[in-house]
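Shown below: final.csv, with CSV, C-alpha atoms and all ligand atoms.
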```
chain,number,residue,atom,x,y,z
Z,1,MET,CA,22.0,-6.8,24.0
Z,2,ASN,CA,23.6,-8.5,21.1
Z,3,THR,CA,26.0,-6.6,18.8
Z,4,ILE,CA,23.6,-6.2,15.9
Z,5,LYS,CA,21.1,-4.4,18.0
Z,6,THR,CA,23.8,-2.1,19.6
Z,7,ASN,CA,25.4,-1.4,16.2
Z,8,ASP,CA,22.0,-0.7,14.7
Z,9,LYS,CA,21.5,2.0,17.5
Z,10,GLN,CA,25.0,3.3,16.9
Z,11,TYR,CA,25.1,3.4,13.1
Z,12,ILE,CA,21.6,3.6,11.7
Z,13,ALA,CA,19.6,6.9,11.7
Z,14,SER,CA,17.0,6.4,14.4
Z,15,SER,CA,13.9,6.9,12.3
Z,16,TYR,CA,12.2,3.7,13.4
Z,17,GLY,CA,10.8,2.7,16.8
Z,18,ARG,CA,11.9,-0.9,16.4
Z,19,PHE,CA,10.3,-3.8,18.3
Z,20,ASP,CA,12.9,-5.8,20.2
Z,21,VAL,CA,13.2,-8.7,17.7
Z,22,LEU,CA,15.8,-9.5,15.1
Z,23,PHE,CA,14.6,-11.7,12.3
Z,24,GLU,CA,17.1,-13.9,10.6
Z,25,LYS,CA,15.1,-16.0,8.1
Z,26,GLY,CA,11.7,-17.3,7.2
Z,27,GLU,CA,9.5,-19.6,5.1
Z,28,GLY,CA,6.1,-18.7,3.9
Z,29,SER,CA,4.2,-17.2,6.8
Z,30,LEU,CA,6.8,-18.2,9.4
Z,31,LEU,CA,9.6,-16.0,10.6
Z,32,PHE,CA,12.6,-17.1,12.8
Z,33,ASP,CA,14.6,-14.8,15.0
Z,34,GLU,CA,18.4,-15.1,15.7
Z,35,ASN,CA,17.7,-17.7,18.5
Z,36,GLY,CA,15.6,-19.9,16.2
Z,37,LYS,CA,12.3,-18.8,17.9
Z,38,ARG,CA,9.3,-19.3,15.5
Z,39,TYR,CA,6.8,-16.6,14.7
Z,40,ILE,CA,3.6,-16.5,12.6
Z,41,ASP,CA,3.7,-13.4,10.4
Z,42,LEU,CA,0.5,-11.3,10.2
Z,43,GLY,CA,2.2,-8.2,8.7
Z,44,SER,CA,4.1,-9.4,5.5
Z,45,GLY,CA,6.6,-6.6,6.1
Z,46,ILE,CA,3.9,-3.9,5.7
Z,47,ALA,CA,1.9,-5.6,3.0
Z,48,VAL,CA,5.0,-6.3,1.0
Z,49,ASN,CA,5.7,-10.1,1.1
Z,50,THR,CA,2.6,-10.9,-0.9
Z,51,PHE,CA,3.2,-14.7,-0.9
Z,52,GLY,CA,5.2,-14.8,2.3
Z,53,VAL,CA,9.0,-15.2,2.9
Z,54,CYS,CA,11.1,-16.9,0.2
Z,55,ASP,CA,8.2,-18.2,-1.7
Z,56,LYS,CA,9.6,-20.7,-4.1
Z,57,VAL,CA,8.0,-19.5,-7.4
Z,58,TRP,CA,9.0,-15.9,-6.6
Z,59,GLN,CA,12.5,-16.9,-5.5
Z,60,SER,CA,13.2,-18.8,-8.7
Z,61,ALA,CA,11.8,-16.0,-11.0
Z,62,VAL,CA,14.0,-13.5,-9.2
Z,63,ALA,CA,17.1,-15.7,-9.1
Z,64,GLN,CA,16.8,-16.6,-12.7
Z,65,GLN,CA,16.6,-13.0,-13.8
Z,66,ALA,CA,19.5,-12.0,-11.4
Z,67,GLY,CA,21.6,-14.6,-13.1
Z,68,MET,CA,20.8,-13.2,-16.6
Z,69,LEU,CA,20.7,-9.4,-16.4
Z,70,GLN,CA,20.3,-7.5,-13.2
Z,71,HIS,CA,20.0,-4.0,-14.7
Z,72,VAL,CA,20.4,-1.9,-17.8
Z,73,SER,CA,19.4,1.7,-18.2
Z,74,ASN,CA,15.9,2.6,-19.2
Z,75,LEU,CA,17.5,3.9,-22.4
Z,76,TYR,CA,17.2,0.2,-23.6
Z,77,TYR,CA,14.4,-2.3,-23.9
Z,78,THR,CA,14.1,-5.2,-21.4
Z,79,ALA,CA,11.6,-8.1,-21.5
Z,80,PRO,CA,10.4,-8.4,-17.8
Z,81,GLN,CA,9.5,-4.7,-17.6
Z,82,VAL,CA,7.3,-5.0,-20.8
Z,83,LYS,CA,5.7,-8.2,-19.7
Z,84,LEU,CA,4.8,-6.7,-16.3
Z,85,ALA,CA,3.3,-3.5,-17.9
Z,86,GLN,CA,1.3,-5.6,-20.3
Z,87,MET,CA,0.0,-7.8,-17.5
Z,88,LEU,CA,-1.0,-4.8,-15.4
Z,89,CYS,CA,-2.8,-3.1,-18.3
Z,90,GLN,CA,-4.6,-6.3,-19.4
Z,91,LYS,CA,-5.7,-7.1,-15.9
Z,92,THR,CA,-7.0,-3.6,-15.1
Z,93,GLY,CA,-7.9,-1.9,-18.4
Z,94,MET,CA,-5.5,0.9,-17.7
Z,95,LYS,CA,-3.5,2.0,-20.7
Z,96,LYS,CA,0.1,2.7,-19.7
Z,97,VAL,CA,2.4,2.2,-16.8
Z,98,PHE,CA,5.4,4.2,-15.3
Z,99,PHE,CA,7.7,2.2,-13.1
Z,100,SER,CA,9.5,3.5,-10.0
Z,101,ASN,CA,10.9,2.1,-6.8
Z,102,SER,CA,8.5,3.0,-4.0
Z,103,GLY,CA,5.0,4.2,-3.0
Z,104,ALA,CA,6.1,7.8,-2.6
Z,105,GLU,CA,7.6,7.8,-6.1
Z,106,ALA,CA,4.5,6.2,-7.6
Z,107,ASN,CA,2.4,9.0,-6.0
Z,108,GLU,CA,4.9,11.7,-7.2
Z,109,CYS,CA,4.4,10.4,-10.7
Z,110,ALA,CA,0.6,10.4,-10.2
Z,111,ILE,CA,0.7,14.0,-9.0
Z,112,LYS,CA,2.9,15.1,-11.9
Z,113,CYS,CA,0.7,13.3,-14.3
Z,114,ALA,CA,-2.5,15.1,-13.1
Z,115,ARG,CA,-0.8,18.5,-13.1
Z,116,LYS,CA,0.7,18.0,-16.6
Z,117,TYR,CA,-2.6,16.8,-18.0
Z,118,SER,CA,-4.2,20.0,-16.8
Z,119,PHE,CA,-1.3,22.2,-17.9
Z,120,ASP,CA,-1.3,20.7,-21.4
Z,121,LYS,CA,-5.1,21.3,-21.7
Z,122,TYR,CA,-5.8,24.4,-19.6
Z,123,GLY,CA,-2.4,26.2,-19.1
Z,124,GLU,CA,-1.0,27.4,-15.8
Z,125,GLY,CA,-2.7,27.7,-12.5
Z,126,ARG,CA,-5.0,24.7,-12.4
Z,127,ASN,CA,-2.7,22.6,-10.2
Z,128,VAL,CA,-4.5,21.8,-6.9
Z,129,ILE,CA,-4.8,18.2,-5.8
Z,130,ILE,CA,-7.4,17.4,-3.1
Z,131,THR,CA,-6.5,14.6,-0.7
Z,132,LEU,CA,-8.3,13.4,2.5
Z,133,LYS,CA,-7.6,14.0,6.1
Z,134,GLN,CA,-5.9,11.1,7.9
Z,135,SER,CA,-4.4,10.0,4.6
Z,136,PHE,CA,-0.9,8.9,4.0
Z,137,HIS,CA,0.9,9.3,0.7
Z,138,GLY,CA,4.6,9.1,1.4
Z,139,ARG,CA,7.7,10.8,2.9
Z,140,THR,CA,9.0,13.0,0.1
Z,141,ILE,CA,8.4,16.7,0.6
Z,142,THR,CA,5.6,16.6,-2.0
Z,143,THR,CA,3.9,13.4,-0.8
Z,144,LEU,CA,4.2,14.7,2.8
Z,145,SER,CA,2.3,17.8,1.5
Z,146,ALA,CA,-0.3,15.4,0.0
Z,147,THR,CA,-0.6,13.6,3.3
Z,148,GLY,CA,-3.6,15.1,5.1
Z,149,GLN,CA,-2.3,15.0,8.6
Z,150,ASP,CA,-1.0,18.1,10.4
Z,151,THR,CA,1.7,16.2,12.3
Z,152,PHE,CA,3.5,15.7,8.9
Z,153,HIS,CA,3.5,19.4,8.1
Z,154,THR,CA,5.7,20.8,10.8
Z,155,VAL,CA,9.5,20.8,10.6
Z,156,PHE,CA,10.4,20.1,7.0
Z,157,GLY,CA,9.0,23.2,5.3
Z,158,PRO,CA,8.7,24.9,2.9
Z,159,PHE,CA,6.3,22.2,1.6
Z,160,THR,CA,4.9,21.9,-1.9
Z,161,ASP,CA,2.0,24.1,-2.6
Z,162,GLY,CA,-1.3,23.1,-4.1
Z,163,PHE,CA,-2.9,20.6,-1.8
Z,164,ARG,CA,-6.3,20.8,0.0
Z,165,TYR,CA,-7.6,18.4,2.5
Z,166,ALA,CA,-11.2,17.1,2.6
Z,167,GLU,CA,-13.0,15.2,5.4
Z,168,PRO,CA,-13.2,11.5,4.4
Z,169,ASN,CA,-16.8,10.2,3.6
Z,170,ASP,CA,-18.1,13.8,3.6
Z,171,PHE,CA,-19.1,14.6,0.0
Z,172,GLU,CA,-20.3,18.2,0.8
Z,173,ASP,CA,-16.8,19.0,2.2
Z,174,MET,CA,-15.2,17.6,-1.0
Z,175,LYS,CA,-17.6,19.6,-3.2
Z,176,ARG,CA,-16.9,22.8,-1.2
Z,177,LEU,CA,-13.1,22.4,-2.0
Z,178,VAL,CA,-13.5,21.9,-5.8
Z,179,ASP,CA,-13.1,25.0,-7.9
Z,180,GLY,CA,-11.4,26.0,-11.2
Z,181,LYS,CA,-7.9,25.5,-9.7
Z,182,VAL,CA,-8.4,21.7,-9.0
Z,183,CYS,CA,-6.8,19.2,-11.3
Z,184,GLY,CA,-6.8,16.0,-9.2
Z,185,ILE,CA,-8.4,14.2,-6.3
Z,186,MET,CA,-6.2,11.6,-4.7
Z,187,ILE,CA,-7.6,9.1,-2.2
Z,188,GLU,CA,-6.9,5.8,-0.5
Z,189,LEU,CA,-10.0,3.7,-0.6
Z,190,ILE,CA,-8.9,2.2,2.7
Z,191,GLN,CA,-6.7,4.5,4.6
Z,192,GLY,CA,-3.8,2.3,5.8
Z,193,GLU,CA,-1.5,4.3,8.0
Z,194,GLY,CA,-4.4,6.5,9.0
Z,195,GLY,CA,-6.1,3.6,10.9
Z,196,ILE,CA,-7.8,1.2,8.4
Z,197,ASN,CA,-10.6,3.7,7.6
Z,198,VAL,CA,-12.8,2.4,4.8
Z,199,LEU,CA,-14.4,4.8,2.3
Z,200,LYS,CA,-18.1,4.3,1.7
Z,201,PRO,CA,-19.1,3.2,-1.8
Z,202,ASP,CA,-21.7,6.0,-2.3
Z,203,TYR,CA,-19.1,8.6,-1.4
Z,204,VAL,CA,-16.5,7.1,-3.8
Z,205,LYS,CA,-19.1,7.0,-6.6
Z,206,ALA,CA,-20.1,10.6,-6.0
Z,207,VAL,CA,-16.4,11.7,-6.0
Z,208,GLU,CA,-15.9,9.9,-9.3
Z,209,ALA,CA,-18.9,11.7,-10.8
Z,210,LEU,CA,-17.6,15.0,-9.5
Z,211,CYS,CA,-14.2,14.3,-11.1
Z,212,ARG,CA,-15.9,13.5,-14.5
Z,213,GLU,CA,-18.1,16.7,-14.4
Z,214,ASN,CA,-15.1,18.9,-13.8
Z,215,ASP,CA,-12.4,17.1,-15.8
Z,216,ILE,CA,-10.5,16.3,-12.6
Z,217,MET,CA,-8.2,13.3,-12.5
Z,218,LEU,CA,-9.3,10.7,-10.1
Z,219,ILE,CA,-6.1,9.2,-8.5
Z,220,ILE,CA,-6.4,6.1,-6.4
Z,221,ASP,CA,-3.4,5.4,-4.1
Z,222,GLU,CA,-3.3,1.6,-4.0
Z,223,VAL,CA,0.2,1.5,-2.5
Z,224,GLN,CA,-1.1,-0.6,0.4
Z,225,THR,CA,-4.5,-1.8,-0.8
Z,226,GLY,CA,-3.3,-3.1,-4.2
Z,227,ASN,CA,-2.1,-6.4,-5.5
Z,228,GLY,CA,-4.8,-8.7,-4.1
Z,229,ARG,CA,-4.7,-7.3,-0.6
Z,230,THR,CA,-8.4,-6.5,-0.2
Z,231,GLY,CA,-9.8,-9.6,-2.0
Z,232,THR,CA,-9.7,-8.1,-5.5
Z,233,LEU,CA,-6.6,-7.3,-7.6
Z,234,TYR,CA,-7.0,-3.6,-6.9
Z,235,CYS,CA,-9.3,-2.2,-4.3
Z,236,TYR,CA,-11.0,0.2,-6.7
Z,237,MET,CA,-12.5,-3.0,-8.3
Z,238,ASN,CA,-14.6,-3.4,-5.1
Z,239,TYR,CA,-16.1,0.0,-5.8
Z,240,GLY,CA,-16.9,-0.4,-9.5
Z,241,ILE,CA,-15.1,2.9,-10.4
Z,242,SER,CA,-12.8,3.7,-13.3
Z,243,PRO,CA,-9.9,5.8,-12.0
Z,244,ASP,CA,-7.7,7.9,-14.2
Z,245,ILE,CA,-4.5,7.1,-12.3
Z,246,VAL,CA,-3.7,4.2,-10.0
Z,247,SER,CA,-0.5,4.1,-8.0
Z,248,THR,CA,0.8,1.0,-6.3
Z,249,ALA,CA,4.0,-0.4,-4.7
Z,250,LYS,CA,4.3,-2.4,-1.5
Z,251,GLY,CA,3.2,-5.9,-2.5
Z,252,LEU,CA,3.7,-5.5,-6.2
Z,253,ALA,CA,7.1,-7.3,-6.5
Z,254,GLY,CA,6.6,-9.6,-3.5
Z,255,GLY,CA,9.4,-8.1,-1.4
Z,256,LEU,CA,11.6,-6.2,-3.8
Z,257,PRO,CA,11.3,-2.4,-4.2
Z,258,MET,CA,9.0,-1.4,-7.0
Z,259,GLY,CA,6.4,1.3,-7.6
Z,260,ALA,CA,4.0,1.5,-10.5
Z,261,THR,CA,1.8,4.4,-11.7
Z,262,MET,CA,-1.0,3.2,-14.1
Z,263,MET,CA,-2.6,5.7,-16.4
Z,264,GLY,CA,-6.1,5.5,-17.9
Z,265,GLU,CA,-7.1,6.7,-21.3
Z,266,ARG,CA,-7.4,10.4,-20.3
Z,267,VAL,CA,-3.7,10.6,-19.3
Z,268,GLU,CA,-2.1,7.8,-21.3
Z,269,ASN,CA,-0.2,10.3,-23.5
Z,270,THR,CA,0.6,12.8,-20.7
Z,271,ILE,CA,4.0,11.6,-19.9
Z,272,THR,CA,6.3,12.4,-22.8
Z,273,PRO,CA,10.0,11.7,-23.5
Z,274,GLY,CA,12.1,13.6,-20.9
Z,275,SER,CA,9.1,14.7,-18.8
Z,276,HIS,CA,9.7,12.0,-16.1
Z,277,GLY,CA,12.2,9.2,-15.5
Z,278,SER,CA,13.9,6.9,-13.0
Z,279,THR,CA,17.3,5.1,-13.0
Z,280,PHE,CA,16.1,2.0,-11.3
Z,281,GLY,CA,12.4,2.1,-12.2
Z,282,GLY,CA,11.2,-1.2,-13.8
Z,283,ASN,CA,14.4,-3.0,-12.8
Z,284,PRO,CA,14.4,-6.4,-14.5
Z,285,VAL,CA,14.9,-8.4,-11.3
Z,286,CYS,CA,12.1,-6.6,-9.5
Z,287,ALA,CA,9.9,-6.8,-12.6
Z,288,ALA,CA,10.5,-10.6,-12.9
Z,289,GLY,CA,9.5,-10.9,-9.2
Z,290,ALA,CA,6.4,-8.8,-9.8
Z,291,CYS,CA,5.3,-10.9,-12.8
Z,292,SER,CA,5.6,-14.1,-10.7
Z,293,ILE,CA,3.3,-12.4,-8.1
Z,294,LEU,CA,0.7,-11.0,-10.5
Z,295,GLU,CA,0.4,-14.3,-12.4
Z,296,ARG,CA,-0.9,-16.0,-9.2
Z,297,ILE,CA,-3.4,-13.3,-8.0
Z,298,ASP,CA,-6.4,-15.1,-9.5
Z,299,ASP,CA,-10.1,-15.7,-8.5
Z,300,GLU,CA,-9.4,-18.8,-6.5
Z,301,LEU,CA,-6.7,-16.9,-4.4
Z,302,MET,CA,-9.1,-14.0,-3.9
Z,303,GLU,CA,-11.9,-16.2,-2.8
Z,304,ASN,CA,-9.6,-17.8,-0.2
Z,305,VAL,CA,-8.5,-14.3,1.0
Z,306,LYS,CA,-12.2,-13.4,1.5
Z,307,ARG,CA,-13.0,-16.6,3.3
Z,308,LYS,CA,-10.0,-16.3,5.6
Z,309,SER,CA,-10.8,-12.6,6.2
Z,310,LYS,CA,-14.3,-13.6,7.3
Z,311,TYR,CA,-12.8,-16.2,9.6
Z,312,ILE,CA,-10.7,-13.5,11.3
Z,313,ILE,CA,-13.6,-11.1,11.6
Z,314,ASP,CA,-16.0,-13.8,12.9
Z,315,THR,CA,-13.5,-15.0,15.5
Z,316,LEU,CA,-12.4,-11.6,16.8
Z,317,SER,CA,-15.7,-9.6,16.7
Z,318,GLY,CA,-17.2,-11.5,19.6
Z,319,ALA,CA,-14.0,-11.4,21.7
Z,320,LYS,CA,-13.8,-9.5,25.0
Z,321,GLY,CA,-11.7,-6.4,24.6
Z,322,VAL,CA,-12.4,-5.9,20.9
Z,323,LYS,CA,-14.2,-2.6,20.1
Z,324,SER,CA,-14.5,-2.8,16.4
Z,325,ILE,CA,-13.0,-4.3,13.2
Z,326,THR,CA,-12.6,-2.4,10.0
Z,327,GLY,CA,-11.1,-3.2,6.6
Z,328,MET,CA,-11.5,-5.6,3.7
Z,329,GLY,CA,-9.9,-8.9,2.8
Z,330,PHE,CA,-6.4,-9.1,4.3
Z,331,MET,CA,-6.2,-5.5,5.3
Z,332,LEU,CA,-7.9,-5.4,8.7
Z,333,GLY,CA,-7.8,-3.1,11.7
Z,334,VAL,CA,-8.8,-4.3,15.1
Z,335,GLU,CA,-9.7,-1.6,17.6
Z,336,THR,CA,-8.9,-3.0,21.1
Z,337,GLU,CA,-9.5,-1.8,24.6
Z,338,LYS,CA,-5.8,-2.2,25.4
Z,339,PRO,CA,-3.4,0.1,23.5
Z,340,ALA,CA,-2.6,-1.4,20.1
Z,341,ARG,CA,1.2,-1.3,20.6
Z,342,GLU,CA,0.9,-3.2,23.9
Z,343,VAL,CA,-1.1,-5.9,22.1
Z,344,VAL,CA,1.5,-6.2,19.4
Z,345,ILE,CA,4.4,-6.4,21.9
Z,346,LYS,CA,2.5,-9.2,23.8
Z,347,CYS,CA,1.8,-11.0,20.5
Z,348,ILE,CA,5.5,-10.9,19.5
Z,349,GLU,CA,6.4,-12.4,22.9
Z,350,ASN,CA,3.9,-15.1,22.1
Z,351,GLY,CA,5.3,-15.8,18.6
Z,352,VAL,CA,2.8,-13.8,16.4
Z,353,VAL,CA,3.7,-10.6,14.5
Z,354,PRO,CA,0.8,-8.2,13.7
Z,355,LEU,CA,1.3,-4.4,13.1
Z,356,THR,CA,-0.4,-1.3,14.4
Z,357,ALA,CA,-2.2,1.5,12.5
Z,358,LYS,CA,-2.9,4.5,14.7
Z,359,ASN,CA,-5.0,3.1,17.6
Z,360,LYS,CA,-5.7,-0.3,15.9
Z,361,VAL,CA,-4.0,-3.6,15.6
Z,362,ARG,CA,-3.4,-4.0,11.9
Z,363,LEU,CA,-3.5,-7.4,10.2
Z,364,LEU,CA,-1.9,-7.8,6.7
Z,365,PRO,CA,-1.1,-11.6,6.4
Z,366,ALA,CA,0.5,-13.1,3.3
Z,367,LEU,CA,-2.3,-13.8,0.7
Z,368,ASN,CA,-1.5,-17.6,0.9
Z,369,ILE,CA,-1.2,-18.0,4.6
Z,370,PRO,CA,-2.1,-21.6,5.4
Z,371,ASP,CA,-5.4,-22.1,7.4
Z,372,ASN,CA,-3.6,-23.9,10.3
Z,373,LEU,CA,-1.2,-21.0,10.8
Z,374,LEU,CA,-3.9,-18.4,10.5
Z,375,VAL,CA,-6.0,-20.2,13.1
Z,376,GLU,CA,-3.1,-20.5,15.5
Z,377,ALA,CA,-2.1,-16.8,15.1
Z,378,VAL,CA,-5.7,-15.5,15.5
Z,379,GLU,CA,-6.2,-17.7,18.6
Z,380,THR,CA,-3.0,-16.2,20.1
Z,381,LEU,CA,-4.1,-12.7,19.2
Z,382,LYS,CA,-7.5,-13.2,20.7
Z,383,ARG,CA,-6.0,-14.5,23.9
Z,384,VAL,CA,-3.7,-11.5,24.2
Z,385,ILE,CA,-6.5,-9.1,23.5
Z,386,GLU,CA,-8.8,-10.8,26.1
Z,387,GLU,CA,-6.4,-11.4,29.0
K,1,LIG,C1,3.3,3.0,2.4
K,1,LIG,C2,2.5,3.9,1.7
K,1,LIG,C3,3.0,4.9,0.9
K,1,LIG,C4,4.5,5.2,0.8
K,1,LIG,O1,5.2,4.1,0.3
K,1,LIG,P1,6.8,4.0,0.3
K,1,LIG,O2,7.2,2.8,-0.5
K,1,LIG,O3,7.2,3.9,1.8
K,1,LIG,O4,7.3,5.3,-0.2
K,1,LIG,C5,2.2,5.7,0.1
K,1,LIG,N1,0.8,5.5,0.2
K,1,LIG,C6,0.3,4.6,0.9
K,1,LIG,C7,-1.2,4.4,0.9
K,1,LIG,C8,1.0,3.7,1.7
K,1,LIG,O5,0.5,2.8,2.4
```
Target encoding structure tokens, full file:
Amino acid sequence: MNTIKTNDKQYIASSYGRFDVLFEKGEGSLLFDENGKRYIDLGSGIAVNTFGVCDKVWQSAVAQQAGMLQHVSNLYYTAPQVKLAQMLCQKTGMKKVFFSNSGAEANECAIKCARKYSFDKYGEGRNVIITLKQSFHGRTITTLSATGQDTFHTVFGPFTDGFRYAEPNDFEDMKRLVDGKVCGIMIELIQGEGGINVLKPDYVKAVEALCRENDIMLIIDEVQTGNGRTGTLYCYMNYGISPDIVSTAKGLAGGLPMGATMMGERVENTITPGSHGSTFGGNPVCAAGACSILERIDDELMENVKRKSKYIIDTLSGAKGVKSITGMGFMLGVETEKPAREVVIKCIENGVVPLTAKNKVRLLPALNIPDNLLVEAVETLKRVIEE
């Protein structure tokens, strides 16, 4: 084994079950390993490299800002952060944005925001957030608590109090959990890490109405589904709902760390000076990168994502060894007869890089993956699944 792999094992905390591949560089939807072998990327990191690797427009926006001002404290104004916040609000109708550096932090802010809204209006004790079983909301102690999977609630206790877990797509179960202590409902519209489980439109509409009736903040975790991933700028737009709080991260800055928590009119004044903060949040280089991404998520791009998504579904749904396909746009889960990890390892050997999500092969290609590369990658994937 080469020294990078052995030194990785020696010096890096072993939190990841890495696949046996060392990527050195890339271009668009192509990745190259240390031996120059070519791969077609169907994962974009994990939905991070929105326009692929080293996209020229993104690269120049980032390089230009890095050469001008890489950071000042949030005690001062900077142009890229303001431009990005304005773009997010104008494109969504949300009112204000708080910037952080990751999905977990974006969700922490969302949770704080829902609790403070309730505290300001109703006083202490109305602090419970309902989330869904099989959800994933992050790795901090509080977002682990929010994550509705028992496997995450074992060794790191004590966990943060005030979370209840509802069965997804079961409105009666959600209603049963709502009482005078609940201040927020936080959901992923497509559960990503949980296995690409799509929420039903009727269910989501009913949850929205339940929130309105009880003055409960509707929080949509769009860390993975956001930024064009599902064929609309944010996935909630597919459902015709108006969330109170939307968190996003992964694909927002096209490969740089950035989280954003968007607040609707009910909570736009909830965060006050001193009540929340972040040293790096809204960093000018990340913000410049994010502006260059958001500017290009337009109707034409979204139509192409939908068209290419349909191509993937049409091609794989008839294939031998495929049990089901779930998801929307470029966030798809393929349930296969073979174990998903086995399929991914075989694909990597054959120069294609998908991901897994629970028992599914997960596909999260760059939004601008060229047709010829997509066809080549899907043919390889299909062959691996079938053989
Ligand atoms: C990845 C993910 C997170 C956590 O994001 P980090 O940037 O790893 O903290 C939270 N919610 C969802 C839905 C995610 O997919």
Self-check item: Distance filter 6 Å around ligand LIG 1 (chain K), atoms: all atoms listed in the file, out as an MDAnalysis selection string
Solution: chainID Z and resid 102:104 136:138 192 221 223:224
Quiz item: Smallest atom-to-atom distance to Glu24 (chain Z): which of Z:Leu42, Z:Val53, Z:Leu132, Z:Ala106, using all atoms listed in the file?
Solution: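 Of Z:Leu42, Z:Val53, Z:Leu132, Z:Ala106, the one nearest Glu24 (chain Z) is Z:Val53, counting all atoms listed in the file.
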Closest pair table for region 320-371 of chain Z residues within 8 Å of region 305-308 of chain Z, only C-alpha atoms, as JSON lines:
```
{"residue": "Z:Gly329", "atom": "CA", "partner": "Z:Lys306", "partner_atom": "CA", "distance": 5.2}
{"residue": "Z:Phe330", "atom": "CA", "partner": "Z:Val305", "partner_atom": "CA", "distance": 6.5}
{"residue": "Z:Leu367", "atom": "CA", "partner": "Z:Val305", "partner_atom": "CA", "distance": 6.2}
{"residue": "Z:Asn368", "atom": "CA", "partner": "Z:Val305", "partner_atom": "CA", "distance": 7.7}
{"residue": "Z:Asp371", "atom": "CA", "partner": "Z:Lys308", "partner_atom": "CA", "distance": 7.6}
```
Exercise. Find the residue from Z:Val207, Z:Ala253, Z:Ile385, Z:Ile196 that sits nearest to Leu332 (chain Z); use all atoms listed in the file when measuring.
Key: Z:Ile196
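Omitting Asp202 (chain Z) and its sequence neighbours fewer than 2 positions away, and counting only C-alpha atoms, the residues within 12 Å are Asn169, Asp170, Phe171, Val198, Leu199, Lys200, Val204, Lys205, Ala206, Val207, Glu208, Ala209, Tyr239, Gly240 and Ile241 of chain Z.
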Quiz prompt | Atom pair CA of Thr315 (chain Z) / CA of Glu188 (chain Z): separation (Å) | solution =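 Separation of CA of Thr315 (chain Z) and CA of Glu188 (chain Z): 27.1 Å.
Closest approach to Leu88 (chain Z) from the set Z:Ser73, Z:Met263, Z:Arg383, Z:Asn214 is made by Z:Met263, with distances taken over all atoms listed in the file.
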Exercise. May I ask which of the residues Z:Leu210, Z:Gly36, Z:Val21, Z:Ile12 is the closest one to Glu172 (chain Z), counting all atoms listed in the file?
Key: Z:Leu210
Quiz item: From the list Z:Ile130, Z:Met186, Z:Val353, Z:Ala290, which residue is nearest Asp161 (chain Z) when using all atoms listed in the file?
Solution: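 The answer is Z:Ile130, which sits nearest to Asp161 (chain Z).
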Exercise. Quick one: everything within 12 Å of region 291-301 of chain Z, counting only C-alpha atoms, minus sequence neighbours fewer than 6 positions away in the same chain. Send it as a count of residues only.
Key: 58
Quiz item: Could you tell me, as a PyMOL selection string, which residues have any atom at most 10 Å from (-14.4, 20.8, -2.8), counting all atoms listed in the file?
Solution: chain Z and resi 130+164-166+171-179+182+185+207+210
Once you have the residues from the selection above, write them out as a compact mmCIF listing (two decimals), keeping the file's coordinate frame, restricted to C-alpha atoms.
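That gives us out-v4.txt:
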```
# COMPACT_ATOMS: atom_id res chain seq x y z
CA ILE Z 130 -7.40 17.40 -3.10
CA ARG Z 164 -6.30 20.80 0.00
CA TYR Z 165 -7.60 18.40 2.50
CA ALA Z 166 -11.20 17.10 2.60
CA PHE Z 171 -19.10 14.60 0.00
CA GLU Z 172 -20.30 18.20 0.80
CA ASP Z 173 -16.80 19.00 2.20
CA MET Z 174 -15.20 17.60 -1.00
CA LYS Z 175 -17.60 19.60 -3.20
CA ARG Z 176 -16.90 22.80 -1.20
CA LEU Z 177 -13.10 22.40 -2.00
CA VAL Z 178 -13.50 21.90 -5.80
CA ASP Z 179 -13.10 25.00 -7.90
CA VAL Z 182 -8.40 21.70 -9.00
CA ILE Z 185 -8.40 14.20 -6.30
CA VAL Z 207 -16.40 11.70 -6.00
CA LEU Z 210 -17.60 15.00 -9.50
```
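Between Ser29 (chain Z) and the residues Z:Val378, Z:Val267, Z:Cys347, Z:Leu373, the shortest atom-to-atom distance, using all atoms listed in the file, involves Z:Leu373.
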Quiz prompt | Residue contacts of Pro158 (chain Z) (10 Å, only C-alpha atoms) excluding same-chain residues fewer than 4 positions away, as number ranges by chain | solution = Z: 141, 145, 153-154
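Here CA of Ile129 (chain Z) is placed at a distance of 5.0 Å from CA of Phe163 (chain Z).
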Self-check item: Between CA of Val352 (chain Z) and CA of Asp33 (chain Z) - distance in Å to one decimal
Solution: 11.9 Å
Self-check item: Cut-off 7 Å around (-7.9, 0.8, -21.0) with only C-alpha atoms: residues as a list in words
Solution: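 Within the cut-off we find Cys89, Gly93, Met94, Lys95, Gly264 and Glu265 of chain Z.
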As a short mmCIF file (atom, residue, chain, number, x, y, z; two decimals) with C-alpha atoms, in the coordinates of the input, please: the residues near Phe19 (chain Z) (cut-off 10 Å, all atoms listed in the file, same-chain neighbours under 4 positions excluded).
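This is the output file out.cif:
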```cif
data_model
loop_
_atom_site.label_atom_id
_atom_site.label_comp_id
_atom_site.auth_asym_id
_atom_site.auth_seq_id
_atom_site.Cartn_x
_atom_site.Cartn_y
_atom_site.Cartn_z
CA ARG Z 341 1.20 -1.30 20.60
CA VAL Z 344 1.50 -6.20 19.40
CA ILE Z 345 4.40 -6.40 21.90
CA ILE Z 348 5.50 -10.90 19.50
#
```
Quiz item: Lys382 (chain Z): which residues within 8 Å, counting only C-alpha atoms, same-chain residues fewer than 4 positions away excluded, as a PyMOL selection string?
Solution: chain Z and resi 316+319+378+386
Would you mind exporting C-alpha atoms of the selected residues as a compact mmCIF listing (two decimals), in the frame of the given file?
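The resulting file, part-v4.txt, is reproduced below:
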```txt
# COMPACT_ATOMS: atom_id res chain seq x y z
CA LEU Z 316 -12.40 -11.60 16.80
CA ALA Z 319 -14.00 -11.40 21.70
CA VAL Z 378 -5.70 -15.50 15.50
CA GLU Z 386 -8.80 -10.80 26.10
```
